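Enquirer: Next up is a structure, given as structure tokens.
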Amino acid sequence: MNNKDFIAELSRRLGYTSKDTAALMGAVVAEMTEQLEDENVIMIQNIGSFEVKKKQERVVVNPSTQQRMLVPPKLILNFKPSASFKEKMQ
């Protein structure tokens, strides 16, 4: 399912126009993005939680040249599904 199909199905279920539903989804995603940028945890009931974690810097070795390189730290988005979500997905 792509974004257009998702918006169409959601608008059908909610009874809103596709334009209003797309605006609503845009607002939800923008708010989630803002909260994650502030390093807050987002928990959605029966779905799971989203959290930004910091991956530490590390040394990696190129297998062909044996050259060692330092990979800088970076932020990654982590999703942990709820137990009910896991059950539905199996």
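Labels used: A, B, ... for chains in the order of the structure tokens, numbers from 1 for residues in each chain, and numbers from 1 for ligands as shown.
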Hey, what's within 10 Å of Leu10 in chain A if we count only C-alpha atoms and toss same-chain stuff fewer than 6 positions away? As a PyMOL selection string, please?
Expert: chain A and resi 4+16-18+21-22+25
Enquirer: Tell me, as a list in words, which residues lie within 8 Å of Ser49 in chain A, counting only C-alpha atoms; anything in the same chain fewer than 6 positions away does not count.
Expert: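 Here the answer would be Val41, Ile42, Met43, Phe79, Lys80, Pro81 and Ser82 of chain A.
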Enquirer: Considering only C-alpha atoms, return as a PyMOL selection string whatever protein or nucleic-acid residues lie within 6 Å of range 75-78 of chain A, sequence-local ones (same chain, fewer than 2 positions apart) excluded.
Expert: chain A and resi 50-55
Enquirer: Export N, CA, C and O atoms of the chosen residues as a PDB file, in the first residue's frame?
Expert:
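Output file out09.pdb follows:
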ATOM      1  N   PHE A  50       8.154   4.777  19.521  1.00  0.00           N
ATOM      2  CA  PHE A  50       9.223   5.287  18.672  1.00  0.00           C
ATOM      3  C   PHE A  50      10.175   6.064  19.567  1.00  0.00           C
ATOM      4  O   PHE A  50       9.740   6.853  20.405  1.00  0.00           O
ATOM      5  N   GLU A  51      11.471   5.832  19.375  1.00  0.00           N
ATOM      6  CA  GLU A  51      12.469   6.485  20.213  1.00  0.00           C
ATOM      7  C   GLU A  51      13.727   6.744  19.400  1.00  0.00           C
ATOM      8  O   GLU A  51      14.126   5.918  18.571  1.00  0.00           O
ATOM      9  N   VAL A  52      14.353   7.894  19.639  1.00  0.00           N
ATOM     10  CA  VAL A  52      15.623   8.214  18.988  1.00  0.00           C
ATOM     11  C   VAL A  52      16.740   7.764  19.918  1.00  0.00           C
ATOM     12  O   VAL A  52      16.757   8.109  21.096  1.00  0.00           O
ATOM     13  N   LYS A  53      17.648   6.966  19.380  1.00  0.00           N
ATOM     14  CA  LYS A  53      18.789   6.495  20.168  1.00  0.00           C
ATOM     15  C   LYS A  53      20.080   6.970  19.505  1.00  0.00           C
ATOM     16  O   LYS A  53      20.145   7.131  18.289  1.00  0.00           O
ATOM     17  N   LYS A  54      21.102   7.162  20.319  1.00  0.00           N
ATOM     18  CA  LYS A  54      22.392   7.588  19.811  1.00  0.00           C
ATOM     19  C   LYS A  54      23.286   6.370  19.649  1.00  0.00           C
ATOM     20  O   LYS A  54      23.500   5.617  20.605  1.00  0.00           O
ATOM     21  N   LYS A  55      23.775   6.169  18.447  1.00  0.00           N
ATOM     22  CA  LYS A  55      24.703   5.073  18.176  1.00  0.00           C
ATOM     23  C   LYS A  55      26.118   5.624  18.374  1.00  0.00           C
ATOM     24  O   LYS A  55      26.487   6.638  17.778  1.00  0.00           O
TER      25      LYS A  55
END
Enquirer: Residues of chain A classed as helix (DSSP H, G or I) by DSSP on the backbone are to be reported as an NGL selection string.
Expert: :A and (3-14 or 18-37 or 83-89)
